[in-house]
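Q: Coordinates in final-v3.cif, mmCIF, C-alpha atoms, are listed below.
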```cif
data_work
loop_
_atom_site.label_atom_id
_atom_site.label_comp_id
_atom_site.auth_asym_id
_atom_site.auth_seq_id
_atom_site.Cartn_x
_atom_site.Cartn_y
_atom_site.Cartn_z
CA MET A 1035 -85.01 -199.81 -72.95
CA GLN A 1036 -81.61 -199.54 -74.57
CA PHE A 1037 -78.68 -199.74 -72.20
CA PHE A 1038 -75.80 -199.90 -74.62
CA GLY A 1039 -76.97 -197.29 -77.04
CA SER A 1040 -74.99 -196.09 -80.02
CA ALA A 1041 -74.97 -192.49 -81.11
CA GLU A 1042 -77.99 -193.03 -83.37
CA ILE A 1043 -80.15 -194.41 -80.64
CA SER A 1044 -79.36 -191.83 -78.02
CA PRO A 1045 -78.17 -188.80 -79.91
CA SER A 1046 -75.89 -186.25 -78.39
CA PRO A 1047 -77.57 -183.48 -76.52
CA PRO A 1048 -78.12 -180.44 -78.68
CA VAL A 1049 -75.36 -177.90 -78.82
CA PRO A 1050 -76.20 -175.26 -76.29
CA THR A 1051 -77.07 -172.02 -77.96
CA THR A 1052 -76.23 -169.69 -75.17
CA SER A 1053 -72.60 -169.59 -74.24
CA GLY A 1054 -71.71 -170.44 -70.70
CA ASN A 1055 -72.97 -173.96 -70.25
CA ASN A 1056 -70.65 -175.91 -72.52
CA ALA A 1057 -68.45 -177.10 -69.69
CA HIS A 1058 -69.57 -179.62 -67.14
CA MET A 1059 -66.71 -180.18 -64.72
CA MET A 1060 -63.04 -179.54 -64.26
CA TYR A 1061 -60.52 -181.53 -62.23
CA VAL A 1062 -56.95 -180.66 -61.35
CA PHE A 1063 -54.69 -183.36 -59.95
CA ASN A 1064 -51.10 -183.01 -58.86
CA ARG A 1065 -48.42 -185.62 -59.45
CA ASN A 1066 -49.32 -187.46 -56.27
CA GLY A 1067 -52.92 -187.95 -57.32
CA VAL A 1068 -54.23 -185.34 -54.90
CA CYS A 1069 -57.26 -183.58 -56.30
CA LEU A 1070 -56.26 -179.93 -56.04
CA LEU A 1071 -59.40 -178.58 -57.56
CA TYR A 1072 -62.84 -179.70 -58.56
CA ARG A 1073 -65.16 -177.23 -60.23
CA GLU A 1074 -68.62 -178.03 -61.37
CA TRP A 1075 -70.76 -175.99 -63.70
CA ASN A 1076 -73.37 -178.37 -64.97
CA ARG A 1077 -73.66 -181.84 -63.54
CA PRO A 1078 -77.23 -183.01 -63.18
CA LEU A 1079 -76.35 -186.59 -62.23
CA ARG A 1080 -74.13 -187.63 -59.36
CA THR A 1081 -73.62 -191.22 -58.38
CA LEU A 1082 -70.56 -191.26 -56.17
CA ASN A 1083 -69.35 -189.24 -53.26
CA ALA A 1084 -66.74 -186.63 -54.06
CA GLN A 1085 -63.75 -188.61 -52.89
CA GLN A 1086 -64.67 -191.75 -54.81
CA ASP A 1087 -65.44 -189.65 -57.85
CA HIS A 1088 -61.95 -188.08 -57.80
CA LYS A 1089 -60.32 -191.43 -57.32
CA LEU A 1090 -62.27 -192.92 -60.19
CA MET A 1091 -61.28 -190.08 -62.48
CA PHE A 1092 -57.62 -190.37 -61.56
CA GLY A 1093 -57.72 -194.13 -62.04
CA LEU A 1094 -59.37 -193.75 -65.43
CA LEU A 1095 -56.65 -191.41 -66.68
CA PHE A 1096 -53.91 -193.51 -65.21
CA SER A 1097 -55.15 -196.68 -66.90
CA LEU A 1098 -56.06 -195.01 -70.17
CA LYS A 1099 -52.62 -193.44 -70.46
CA SER A 1100 -50.84 -196.71 -70.02
CA LEU A 1101 -53.31 -198.43 -72.36
CA THR A 1102 -52.85 -195.89 -75.15
CA ALA A 1103 -49.07 -196.19 -74.88
CA LYS A 1104 -49.29 -199.96 -74.95
CA MET A 1105 -51.37 -199.80 -78.13
CA ASP A 1106 -48.99 -197.39 -79.87
CA PRO A 1107 -47.97 -199.02 -83.18
CA THR A 1108 -45.19 -196.51 -83.88
CA SER A 1109 -43.00 -196.88 -80.83
CA ALA A 1110 -40.72 -199.80 -80.07
CA GLU A 1111 -40.24 -198.91 -76.45
CA ARG A 1112 -43.37 -199.55 -74.49
CA GLY A 1113 -44.11 -199.97 -70.87
CA ASN A 1114 -46.01 -202.62 -69.08
CA LEU A 1115 -49.70 -202.16 -68.58
CA GLY A 1116 -50.48 -200.43 -65.35
CA VAL A 1117 -47.07 -198.84 -65.06
CA PRO A 1118 -47.01 -195.05 -64.99
CA GLN A 1119 -46.11 -193.21 -68.15
CA LEU A 1120 -43.95 -190.20 -68.50
CA PRO A 1121 -45.80 -187.03 -69.42
CA GLY A 1122 -45.23 -186.44 -73.13
CA GLN A 1123 -43.45 -189.71 -73.64
CA GLY A 1124 -44.21 -191.74 -76.73
CA CYS A 1125 -47.87 -191.09 -77.12
CA SER A 1126 -50.47 -189.81 -74.77
CA PHE A 1127 -54.10 -189.10 -75.32
CA HIS A 1128 -55.48 -185.61 -75.12
CA SER A 1129 -59.21 -186.20 -75.31
CA PHE A 1130 -61.93 -188.73 -75.73
CA ARG A 1131 -65.51 -188.27 -76.68
CA THR A 1132 -68.64 -190.17 -75.84
CA ASN A 1133 -72.10 -189.45 -77.11
CA THR A 1134 -72.86 -187.34 -74.06
CA TYR A 1135 -69.63 -185.63 -73.11
CA LYS A 1136 -66.05 -184.94 -74.11
CA LEU A 1137 -63.11 -185.25 -71.76
CA SER A 1138 -60.00 -183.19 -72.52
CA PHE A 1139 -56.79 -183.92 -70.70
CA MET A 1140 -53.43 -182.25 -70.33
CA GLU A 1141 -50.45 -183.23 -68.23
CA SER A 1142 -47.51 -180.95 -67.58
CA PRO A 1143 -44.00 -182.36 -67.18
CA SER A 1144 -44.27 -181.49 -63.50
CA GLY A 1145 -47.13 -183.97 -63.29
CA LEU A 1146 -50.02 -181.54 -63.01
CA LYS A 1147 -53.09 -183.01 -64.67
CA LEU A 1148 -55.85 -180.81 -65.99
CA ILE A 1149 -59.14 -182.43 -66.96
CA LEU A 1150 -62.01 -180.56 -68.52
CA ILE A 1151 -65.32 -182.22 -69.29
CA THR A 1152 -67.44 -180.46 -71.83
CA HIS A 1153 -70.24 -180.88 -74.31
CA PRO A 1154 -69.30 -183.54 -76.91
CA ARG A 1155 -69.42 -181.06 -79.77
CA THR A 1156 -66.71 -178.76 -78.41
CA GLY A 1157 -63.57 -178.55 -80.51
CA ASP A 1158 -59.92 -179.16 -79.69
CA LEU A 1159 -59.29 -177.81 -76.21
CA ARG A 1160 -55.55 -178.38 -75.94
CA GLN A 1161 -54.77 -174.68 -76.24
CA SER A 1162 -57.50 -173.88 -73.74
CA LEU A 1163 -55.99 -176.27 -71.21
CA LYS A 1164 -52.61 -174.65 -71.75
CA TYR A 1165 -54.22 -171.32 -71.05
CA ILE A 1166 -55.75 -172.72 -67.86
CA TYR A 1167 -52.29 -173.97 -66.87
CA ASN A 1168 -51.09 -170.39 -67.24
CA LEU A 1169 -53.96 -169.20 -65.06
CA TYR A 1170 -52.88 -171.76 -62.49
CA VAL A 1171 -49.35 -170.38 -62.57
CA GLU A 1172 -50.47 -166.78 -62.23
CA TYR A 1173 -53.11 -167.19 -59.55
CA VAL A 1174 -52.15 -170.30 -57.64
CA VAL A 1175 -48.42 -170.91 -57.92
CA LYS A 1176 -47.57 -167.24 -57.47
CA ASN A 1177 -49.92 -166.87 -54.51
CA PRO A 1178 -47.60 -166.81 -51.51
CA LEU A 1179 -50.34 -168.07 -49.21
CA TYR A 1180 -50.87 -171.19 -51.28
CA THR A 1181 -49.07 -174.28 -50.00
CA PRO A 1182 -47.89 -176.45 -52.88
CA GLY A 1183 -49.74 -179.76 -52.86
CA ALA A 1184 -52.76 -178.46 -50.93
CA PRO A 1185 -56.23 -178.09 -52.42
CA ILE A 1186 -56.62 -174.80 -54.24
CA ARG A 1187 -58.64 -172.17 -52.42
CA CYS A 1188 -57.90 -169.09 -54.44
CA GLU A 1189 -60.86 -166.92 -55.20
CA LEU A 1190 -59.08 -165.13 -58.03
CA PHE A 1191 -58.23 -168.38 -59.74
CA ASN A 1192 -61.77 -169.67 -59.47
CA THR A 1193 -63.19 -166.44 -60.82
CA SER A 1194 -60.87 -166.25 -63.79
CA LEU A 1195 -61.32 -169.95 -64.48
CA ASP A 1196 -65.12 -169.62 -64.46
CA GLN A 1197 -64.89 -166.64 -66.71
CA TYR A 1198 -62.57 -168.34 -69.16
CA VAL A 1199 -64.47 -171.62 -69.25
CA ARG A 1200 -67.65 -169.76 -70.10
CA SER A 1201 -65.94 -168.34 -73.14
CA ILE A 1202 -64.95 -171.76 -74.51
CA ALA A 1203 -67.08 -172.55 -77.51
CA MET B 1182 -39.15 -187.77 -81.04
CA ALA B 1183 -41.40 -185.16 -79.51
CA PRO B 1184 -40.30 -181.63 -80.19
CA VAL B 1185 -38.65 -180.03 -77.22
CA GLY B 1186 -38.82 -176.43 -76.21
CA PRO B 1187 -36.84 -173.47 -77.33
CA ARG B 1188 -33.07 -173.55 -77.47
CA SER B 1189 -32.76 -170.11 -76.00
CA GLY B 1190 -34.88 -168.11 -73.64
CA ASP B 1191 -34.56 -164.75 -75.44
CA ALA B 1192 -38.06 -164.71 -76.88
CA ILE B 1193 -39.65 -165.72 -73.58
CA PHE B 1194 -37.53 -163.25 -71.65
CA ALA B 1195 -38.83 -160.47 -73.87
CA ASN B 1196 -42.36 -161.27 -72.73
CA MET B 1197 -41.67 -161.76 -69.05
CA GLU B 1198 -42.73 -159.25 -66.49
CA ARG B 1199 -39.63 -157.56 -65.21
CA VAL B 1200 -38.54 -155.64 -62.16
CA ASN B 1201 -35.78 -153.13 -61.86
CA ALA B 1202 -32.49 -155.00 -61.60
CA GLU B 1203 -31.15 -152.82 -58.78
CA LEU B 1204 -34.31 -153.26 -56.76
CA PHE B 1205 -34.00 -157.02 -57.23
CA THR B 1206 -30.32 -157.10 -56.33
CA LEU B 1207 -30.73 -154.90 -53.30
CA THR B 1208 -33.78 -156.79 -52.07
CA TYR B 1209 -31.85 -160.02 -52.25
CA GLY B 1210 -28.95 -158.36 -50.48
CA ALA B 1211 -31.21 -157.13 -47.73
CA THR B 1212 -32.63 -160.64 -47.33
CA VAL B 1213 -29.19 -162.17 -46.94
CA ARG B 1214 -28.19 -159.42 -44.55
CA GLN B 1215 -31.25 -160.02 -42.41
CA LEU B 1216 -30.61 -163.76 -42.38
CA LEU B 1217 -27.07 -163.13 -41.19
CA THR B 1218 -28.40 -160.99 -38.37
CA ASP B 1219 -31.11 -163.45 -37.39
CA LEU B 1220 -29.23 -166.72 -37.67
CA GLU B 1221 -25.73 -165.50 -36.77
CA GLU B 1222 -24.05 -168.66 -38.09
CA VAL B 1223 -22.89 -168.50 -41.70
CA ASP B 1224 -23.61 -172.19 -42.19
CA GLU B 1225 -27.17 -171.71 -41.01
CA VAL B 1226 -27.59 -168.88 -43.50
CA ASN B 1227 -26.33 -171.09 -46.30
CA LYS B 1228 -28.83 -173.74 -45.30
CA GLN B 1229 -31.67 -171.25 -45.03
CA LEU B 1230 -30.90 -169.73 -48.44
CA ASP B 1231 -30.89 -173.18 -49.96
CA GLN B 1232 -34.23 -173.98 -48.36
CA MET B 1233 -35.71 -170.70 -49.58
CA GLY B 1234 -34.45 -171.49 -53.05
CA TYR B 1235 -35.97 -174.95 -52.88
CA ASN B 1236 -39.35 -173.51 -51.97
CA ILE B 1237 -39.06 -171.12 -54.88
CA GLY B 1238 -37.94 -173.87 -57.24
CA ILE B 1239 -40.90 -176.17 -56.68
CA ARG B 1240 -43.20 -173.32 -57.69
CA LEU B 1241 -41.03 -171.77 -60.34
CA VAL B 1242 -40.93 -174.97 -62.34
CA ASP B 1243 -44.59 -174.64 -63.25
CA GLU B 1244 -44.15 -171.11 -64.48
CA PHE B 1245 -41.15 -172.24 -66.46
CA LEU B 1246 -43.04 -175.12 -68.06
CA ALA B 1247 -46.13 -173.03 -68.77
CA LYS B 1248 -44.26 -170.23 -70.46
CA SER B 1249 -41.45 -172.06 -72.21
CA ASN B 1250 -43.53 -174.88 -73.71
CA VAL B 1251 -40.76 -177.32 -72.95
CA SER B 1252 -42.53 -180.62 -73.23
CA ARG B 1253 -39.84 -182.96 -72.07
CA CYS B 1254 -36.12 -183.55 -72.02
CA VAL B 1255 -34.81 -186.89 -73.14
CA ASP B 1256 -31.85 -186.99 -70.82
CA PHE B 1257 -30.09 -185.18 -68.04
CA LYS B 1258 -27.76 -183.48 -70.53
CA GLU B 1259 -30.63 -181.85 -72.28
CA THR B 1260 -32.20 -180.95 -68.95
CA ALA B 1261 -29.05 -179.12 -67.91
CA GLU B 1262 -28.86 -177.28 -71.23
CA VAL B 1263 -32.45 -176.15 -70.93
CA ILE B 1264 -31.87 -174.88 -67.39
CA ALA B 1265 -28.79 -172.94 -68.45
CA LYS B 1266 -30.03 -171.55 -71.74
CA VAL B 1267 -33.74 -171.07 -71.13
CA GLY B 1268 -34.28 -171.13 -67.38
CA PHE B 1269 -31.57 -168.68 -66.37
CA LYS B 1270 -32.49 -166.37 -69.23
CA MET B 1271 -36.16 -166.39 -68.33
CA PHE B 1272 -35.77 -165.63 -64.67
CA LEU B 1273 -32.43 -163.89 -64.28
CA GLY B 1274 -31.87 -162.44 -67.74
CA VAL B 1275 -28.46 -164.08 -68.11
CA THR B 1276 -27.30 -167.14 -69.96
CA ALA B 1277 -25.21 -169.85 -68.40
CA SER B 1278 -23.12 -172.53 -70.04
CA VAL B 1279 -22.88 -176.21 -69.24
CA THR B 1280 -19.49 -177.89 -69.00
CA ASN B 1281 -17.46 -180.51 -67.18
CA TRP B 1282 -19.62 -183.54 -67.84
CA ASP B 1283 -18.52 -186.68 -66.13
CA ALA B 1284 -18.32 -189.95 -68.02
CA ASP B 1285 -21.76 -191.33 -67.24
CA GLY B 1286 -23.58 -188.04 -67.77
CA THR B 1287 -24.92 -187.62 -64.27
CA CYS B 1288 -22.83 -184.69 -63.13
CA CYS B 1289 -22.08 -181.37 -64.77
CA SER B 1290 -21.26 -177.77 -64.06
CA ILE B 1291 -23.37 -174.75 -64.86
CA VAL B 1292 -21.12 -171.73 -65.29
CA LEU B 1293 -22.41 -168.20 -64.91
CA GLU B 1294 -20.21 -165.42 -66.26
CA ASP B 1295 -22.59 -162.73 -65.22
CA ASN B 1296 -24.63 -162.86 -62.05
CA PRO B 1297 -27.12 -160.10 -61.29
CA LEU B 1298 -27.42 -161.16 -57.65
CA VAL B 1299 -23.94 -160.01 -56.71
CA ASP B 1300 -23.76 -156.46 -58.03
CA PHE B 1301 -22.53 -154.18 -55.23
CA VAL B 1302 -21.53 -157.14 -53.06
CA GLU B 1303 -18.28 -157.71 -51.21
CA LEU B 1304 -17.93 -160.42 -48.63
CA PRO B 1305 -16.50 -159.11 -45.36
CA ASP B 1306 -13.91 -161.20 -43.53
CA THR B 1307 -16.50 -162.41 -41.04
CA CYS B 1308 -18.60 -164.05 -43.77
CA GLN B 1309 -15.98 -165.95 -45.70
CA GLY B 1310 -17.92 -169.21 -45.45
CA LEU B 1311 -21.04 -167.68 -46.94
CA TYR B 1312 -22.35 -168.90 -50.26
CA TYR B 1313 -24.00 -165.65 -51.14
CA CYS B 1314 -25.94 -167.07 -54.09
CA ASN B 1315 -26.92 -170.30 -52.39
CA ILE B 1316 -30.53 -169.56 -53.23
CA LEU B 1317 -29.78 -170.48 -56.85
CA SER B 1318 -28.67 -173.98 -55.98
CA GLY B 1319 -31.87 -174.46 -54.01
CA VAL B 1320 -33.97 -173.26 -56.92
CA ILE B 1321 -32.38 -175.76 -59.29
CA ARG B 1322 -32.72 -178.57 -56.80
CA GLY B 1323 -36.37 -177.81 -56.14
CA ALA B 1324 -37.31 -177.39 -59.77
CA LEU B 1325 -35.68 -180.64 -60.86
CA GLU B 1326 -37.37 -182.56 -58.12
CA MET B 1327 -40.72 -181.67 -59.64
CA VAL B 1328 -40.07 -182.79 -63.20
CA SER B 1329 -40.17 -186.21 -64.69
CA ASN B 1330 -37.67 -187.64 -67.05
CA THR B 1331 -37.22 -190.68 -69.19
CA SER B 1332 -35.39 -193.90 -68.70
CA SER B 1333 -32.98 -193.20 -71.53
CA PHE B 1334 -30.41 -191.94 -69.09
CA ALA B 1335 -31.40 -194.18 -66.23
CA GLN B 1336 -28.79 -196.08 -64.39
CA PRO B 1337 -28.60 -199.77 -65.26
CA SER B 1338 -29.62 -200.46 -61.69
CA ILE B 1339 -33.01 -198.85 -62.24
CA PRO B 1340 -35.43 -201.07 -64.16
CA SER B 1341 -36.30 -199.44 -67.45
CA PHE B 1342 -40.04 -199.70 -66.94
CA LEU B 1343 -39.90 -197.20 -64.12
CA TRP B 1344 -40.34 -194.24 -66.40
CA ASP B 1345 -42.03 -191.69 -64.32
CA VAL B 1346 -39.40 -190.36 -62.03
CA SER B 1347 -38.47 -187.21 -60.25
CA LEU B 1348 -34.89 -186.08 -60.24
CA LYS B 1349 -33.11 -185.82 -56.94
CA THR B 1350 -30.03 -183.70 -57.36
CA GLU B 1351 -27.24 -182.27 -55.29
CA VAL B 1352 -26.21 -178.78 -56.23
CA THR B 1353 -22.97 -177.34 -54.91
CA TRP B 1354 -20.86 -174.28 -55.59
CA ILE B 1355 -17.48 -174.93 -57.16
CA ARG B 1356 -16.41 -171.42 -58.02
CA ASP B 1357 -17.64 -168.10 -56.70
CA VAL B 1358 -16.39 -164.69 -57.81
CA LEU B 1359 -17.03 -163.30 -54.34
CA ARG B 1360 -14.47 -165.78 -53.06
CA GLY B 1361 -11.89 -164.74 -55.61
CA ASP B 1362 -12.65 -167.13 -58.48
CA ASP B 1363 -13.15 -166.02 -62.05
CA ALA B 1364 -16.76 -167.19 -62.54
CA TYR B 1365 -19.72 -168.74 -60.80
CA GLU B 1366 -19.80 -172.48 -61.18
CA LEU B 1367 -22.56 -174.69 -59.85
CA GLN B 1368 -22.11 -178.41 -59.87
CA VAL B 1369 -25.32 -180.32 -60.47
CA LYS B 1370 -25.14 -183.97 -59.60
CA LEU B 1371 -27.93 -186.38 -60.30
CA VAL B 1372 -28.25 -188.44 -57.15
CA LYS B 1373 -31.18 -190.66 -57.92
CA GLN B 1374 -34.36 -190.83 -59.84
CA VAL B 1375 -37.34 -191.56 -57.72
CA PRO B 1376 -40.02 -193.56 -59.48
CA GLU B 1377 -43.60 -192.57 -58.98
CA GLU B 1378 -46.23 -195.03 -58.05
CA TYR B 1379 -49.96 -195.27 -58.31
CA PRO B 1380 -50.94 -193.22 -55.29
CA TYR B 1381 -54.00 -195.16 -54.19
CA LYS B 1382 -54.18 -198.48 -52.48
CA ASP B 1383 -56.70 -200.98 -53.75
CA ASP B 1384 -58.45 -201.32 -50.44
CA GLU B 1385 -58.88 -197.62 -49.82
#
```
What's the structure tokens form of this structure?
A:
Amino acid sequence: MQFFGSAEISPSPPVPTTSGNNAHMMYVFNRNGVCLLYREWNRPLRTLNAQQDHKLMFGLLFSLKSLTAKMDPTSAERGNLGVPQLPGQGCSFHSFRTNTYKLSFMESPSGLKLILITHPRTGDLRQSLKYIYNLYVEYVVKNPLYTPGAPIRCELFNTSLDQYVRSIA
Amino acid sequence: MAPVGPRSGDAIFANMERVNAELFTLTYGATVRQLLTDLEEVDEVNKQLDQMGYNIGIRLVDEFLAKSNVSRCVDFKETAEVIAKVGFKMFLGVTASVTNWDADGTCCSIVLEDNPLVDFVELPDTCQGLYYCNILSGVIRGALEMVSNTSSFAQPSIPSFLWDVSLKTEVTWIRDVLRGDDAYELQVKLVKQVPEEYPYKDDE
């Protein structure tokens, strides 16, 4: 059995032919690390409980962001490892790809983090995440019954998000 | 340096959903009027308007960021310019100017020549202490509290590695046409930058 397989040994799953199952999960975190939204479309394997899973995801992004900035060969000003980075400052990563999935990431200057996990063969999703940010503004921020900082329970947002995510190629 | 957003909000304003200006002005007027009836004290009304503005601001900032594509501002000066040129244009349809910077760049004035909130308004003698447009100061305060900024304008007392900060500001009215001045002037003072920390404890 091969535990540390390369792409040749365990090839990527085939590109789905029908549209609608390219996306696996979506996370939305606010600036305080609160998971505002977790949507799941296709996640056969679960190893952690929801809370630990969210914490792990947030920690991954937090560390990866500070690591990528630390590695930046073009910028003189760099932070210390483990210290939070400014959204958009210096460099920041927008996606990474493994042989089984692709994680796309966007952070707004207000600290909202959008994470979309899709099939590894999906293209650049930066514009898509921007569009989702706009959906968030229209259906969540403008919803007078939504309390800022609370988990999102807006049916309209979920519906339009599902619909949009299905259209992502 | 990362590209920043637009220098003027005209293009975005053209694409914004709009409401009739008179409806907007009169609705705001009715709100202030009702607050005066309910709270009786002018000071309380000022406070309440500021709080309402704050609640609007913390939401409005996301709409602003989503639609304007402003990625970041390098310093407080640029932040103020963006508020005046893009923010006011996007949401109120007017442009403000930024003046009166103090020496260390932490305090400035945003001057509004034209203010759609005050059409048809005259302050009666009983309401002389009222800051009729106090909602605007709350909006600015709330919106700035939600955005991060860089260390390039940090005070020497704040260690430079604390990059991720939110901006605590004090916003006060300096001039008000309703009180007999020639323009609306809002003073925005950067009080402190609050660094953000990793929200989870290790032993959680």
Q: Taking the file as I've supplied it (selection: the PyMOL selection byres ((chain A and resi 1064) around 9)), which residues are included? Please answer as JSON, numbers by chain.
A: {"A": [1062, 1063, 1065, 1066, 1067, 1068, 1069, 1070, 1144, 1145, 1146, 1147, 1148, 1183]}
Q: Can you write out the residues you just picked, keeping C-alpha atoms, as a short mmCIF file (atom, residue, chain, number, x, y, z; two decimals), in the frame of the given file?
A:
```
data_model
loop_
_atom_site.label_atom_id
_atom_site.label_comp_id
_atom_site.auth_asym_id
_atom_site.auth_seq_id
_atom_site.Cartn_x
_atom_site.Cartn_y
_atom_site.Cartn_z
CA VAL A 1062 -56.95 -180.66 -61.35
CA PHE A 1063 -54.69 -183.36 -59.95
CA ARG A 1065 -48.42 -185.62 -59.45
CA ASN A 1066 -49.32 -187.46 -56.27
CA GLY A 1067 -52.92 -187.95 -57.32
CA VAL A 1068 -54.23 -185.34 -54.90
CA CYS A 1069 -57.26 -183.58 -56.30
CA LEU A 1070 -56.26 -179.93 -56.04
CA SER A 1144 -44.27 -181.49 -63.50
CA GLY A 1145 -47.13 -183.97 -63.29
CA LEU A 1146 -50.02 -181.54 -63.01
CA LYS A 1147 -53.09 -183.01 -64.67
CA LEU A 1148 -55.85 -180.81 -65.99
CA GLY A 1183 -49.74 -179.76 -52.86
#
```
Q: Quote the spacing between CA of Cys1314 in chain B and CA of Asp1191 in chain B in Å to one decimal place.
A: 23.1 Å
Q: I'd like the neighbourhood of range 1291-1303 of chain B as a short mmCIF file (atom, residue, chain, number, x, y, z; two decimals) with C-alpha atoms, in the frame of the given file, where a residue qualifies if any of its atoms comes within 8 Å (using only C-alpha atoms), though same-chain residues fewer than 2 positions away should be ignored.
A:
```cif
data_model
loop_
_atom_site.label_atom_id
_atom_site.label_comp_id
_atom_site.auth_asym_id
_atom_site.auth_seq_id
_atom_site.Cartn_x
_atom_site.Cartn_y
_atom_site.Cartn_z
CA ALA B 1202 -32.49 -155.00 -61.60
CA PHE B 1205 -34.00 -157.02 -57.23
CA THR B 1206 -30.32 -157.10 -56.33
CA TYR B 1209 -31.85 -160.02 -52.25
CA GLY B 1210 -28.95 -158.36 -50.48
CA ALA B 1261 -29.05 -179.12 -67.91
CA ALA B 1265 -28.79 -172.94 -68.45
CA LEU B 1273 -32.43 -163.89 -64.28
CA VAL B 1275 -28.46 -164.08 -68.11
CA THR B 1276 -27.30 -167.14 -69.96
CA ALA B 1277 -25.21 -169.85 -68.40
CA SER B 1278 -23.12 -172.53 -70.04
CA VAL B 1279 -22.88 -176.21 -69.24
CA THR B 1280 -19.49 -177.89 -69.00
CA CYS B 1289 -22.08 -181.37 -64.77
CA PRO B 1305 -16.50 -159.11 -45.36
CA TYR B 1313 -24.00 -165.65 -51.14
CA CYS B 1314 -25.94 -167.07 -54.09
CA LEU B 1359 -17.03 -163.30 -54.34
CA ALA B 1364 -16.76 -167.19 -62.54
CA TYR B 1365 -19.72 -168.74 -60.80
CA GLU B 1366 -19.80 -172.48 -61.18
CA LEU B 1367 -22.56 -174.69 -59.85
CA GLN B 1368 -22.11 -178.41 -59.87
CA VAL B 1369 -25.32 -180.32 -60.47
#
```
Q: Nearest residue to chain B out of A:Asp1196, A:Asp1158, A:Glu1141, A:Glu1189, using all atoms listed in the file?
A: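 Checking each of A:Asp1196, A:Asp1158, A:Glu1141, A:Glu1189 against chain B, counting all atoms listed in the file, the winner is A:Glu1141.
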Q: Hey, what comes out of the PyMOL selection byres ((chain A and resi 1190) around 10) on this file? Could you write it as an MDAnalysis selection string?
A: chainID A and resid 1169 1172:1174 1177 1187:1189 1191:1196
Q: As a PyMOL selection string, please: the residues near Met1059 in chain A (cut-off 12 Å, all atoms listed in the file, same-chain neighbours under 2 positions excluded).
A: chain A and resi 1055-1057+1061-1062+1071-1080+1087-1088+1091+1135-1138+1148-1153+1195-1196+1199-1200
Q: Mind telling me what the PyMOL selection byres ((chain B and resi 1248) around 12) catches here, as an MDAnalysis selection string?
A: (chainID A and resid 1142 1164:1165 1167:1172) or (chainID B and resid 1186:1187 1190 1192:1198 1241:1247 1249:1252 1267:1268 1271:1272)
Q: Please measure the separation of CA of Asp1362 in chain B and CA of Thr1260 in chain B, giving the value in Å to one decimal.
A: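 Pair CA of Asp1362 in chain B / CA of Thr1260 in chain B returns 26.1 Å.
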Q: Kindly give the distance, in Å, that separates CA of Ser1162 in chain A and CA of His1128 in chain A, rounded to a single decimal.
A: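 One can read the CA of Ser1162 in chain A to CA of His1128 in chain A distance as 12.0 Å.
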Q: Around range 1135-1147 of chain A, with edges along x, y and z and 4 Å added on all six sides, what centre and edge lengths do you get, in Å to one decimal, as AutoDock Vina command-line options?
A:
```
--center_x -56.8 --center_y -183.3 --center_z -68.6 --size_x 33.6 --size_y 12.7 --size_z 19.1
```
Q: Please determine, counting all atoms listed in the file, which residue among A:Phe1139, A:Ser1126, A:Ala1184, A:Gln1085 has the shortest atom-to-atom distance to Ser1100 in chain A.
A: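 Smallest separation from Ser1100 in chain A among the options: A:Ser1126.
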Q: For Ile1166 in chain A, which residue among A:Ile1202, A:Leu1082, A:Leu1095, A:Ala1103 is the nearest when counting only C-alpha atoms?
A: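 For Ile1166 in chain A, the nearest of the candidates is A:Ile1202.
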Q: Neighbours of Asn1236 in chain B within 12 Å (only C-alpha atoms; same-chain residues fewer than 3 positions away dropped), as a PyMOL selection string?
A: (chain A and resi 1175-1176+1178+1180-1182) or (chain B and resi 1229-1233+1239-1242+1316-1327)
Q: Which residue, A:Phe1127, A:Asp1106, A:Pro1143, A:Leu1098, has the smallest gap to chain B when you use only C-alpha atoms?
A: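 Answer, going by the shortest atom-to-atom distance: A:Pro1143.
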Q: Using only C-alpha atoms, which residue out of A:Thr1081, A:Met1060, A:Tyr1198, A:Leu1163 lies closest to chain B?
A: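 Counting only C-alpha atoms, the residue closest to chain B is A:Leu1163.
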Q: May I ask which of the residues B:Thr1307, B:Asn1201, B:Thr1350, B:Thr1287 is the closest one to Glu1259 in chain B, counting only C-alpha atoms?
A: B:Thr1287
Q: Atoms are missing here; could range 1098-1102 of chain A be completed with N, CA, C and O atoms and written as a compact mmCIF listing (two decimals), keeping the file's coordinate frame?
A:
```txt
# COMPACT_ATOMS: atom_id res chain seq x y z
N LEU A 1098 -55.91 -195.33 -68.76
CA LEU A 1098 -56.06 -195.01 -70.17
C LEU A 1098 -54.72 -194.61 -70.77
O LEU A 1098 -54.38 -194.96 -71.90
N LYS A 1099 -53.94 -193.88 -69.97
CA LYS A 1099 -52.62 -193.44 -70.46
C LYS A 1099 -51.73 -194.64 -70.73
O LYS A 1099 -51.05 -194.70 -71.75
N SER A 1100 -51.72 -195.56 -69.82
CA SER A 1100 -50.84 -196.71 -70.02
C SER A 1100 -51.38 -197.61 -71.13
O SER A 1100 -50.62 -198.21 -71.89
N LEU A 1101 -52.70 -197.63 -71.29
CA LEU A 1101 -53.31 -198.43 -72.36
C LEU A 1101 -52.97 -197.83 -73.73
O LEU A 1101 -52.56 -198.53 -74.66
N THR A 1102 -53.11 -196.52 -73.86
CA THR A 1102 -52.85 -195.89 -75.15
C THR A 1102 -51.39 -196.07 -75.55
O THR A 1102 -51.07 -196.28 -76.72
```
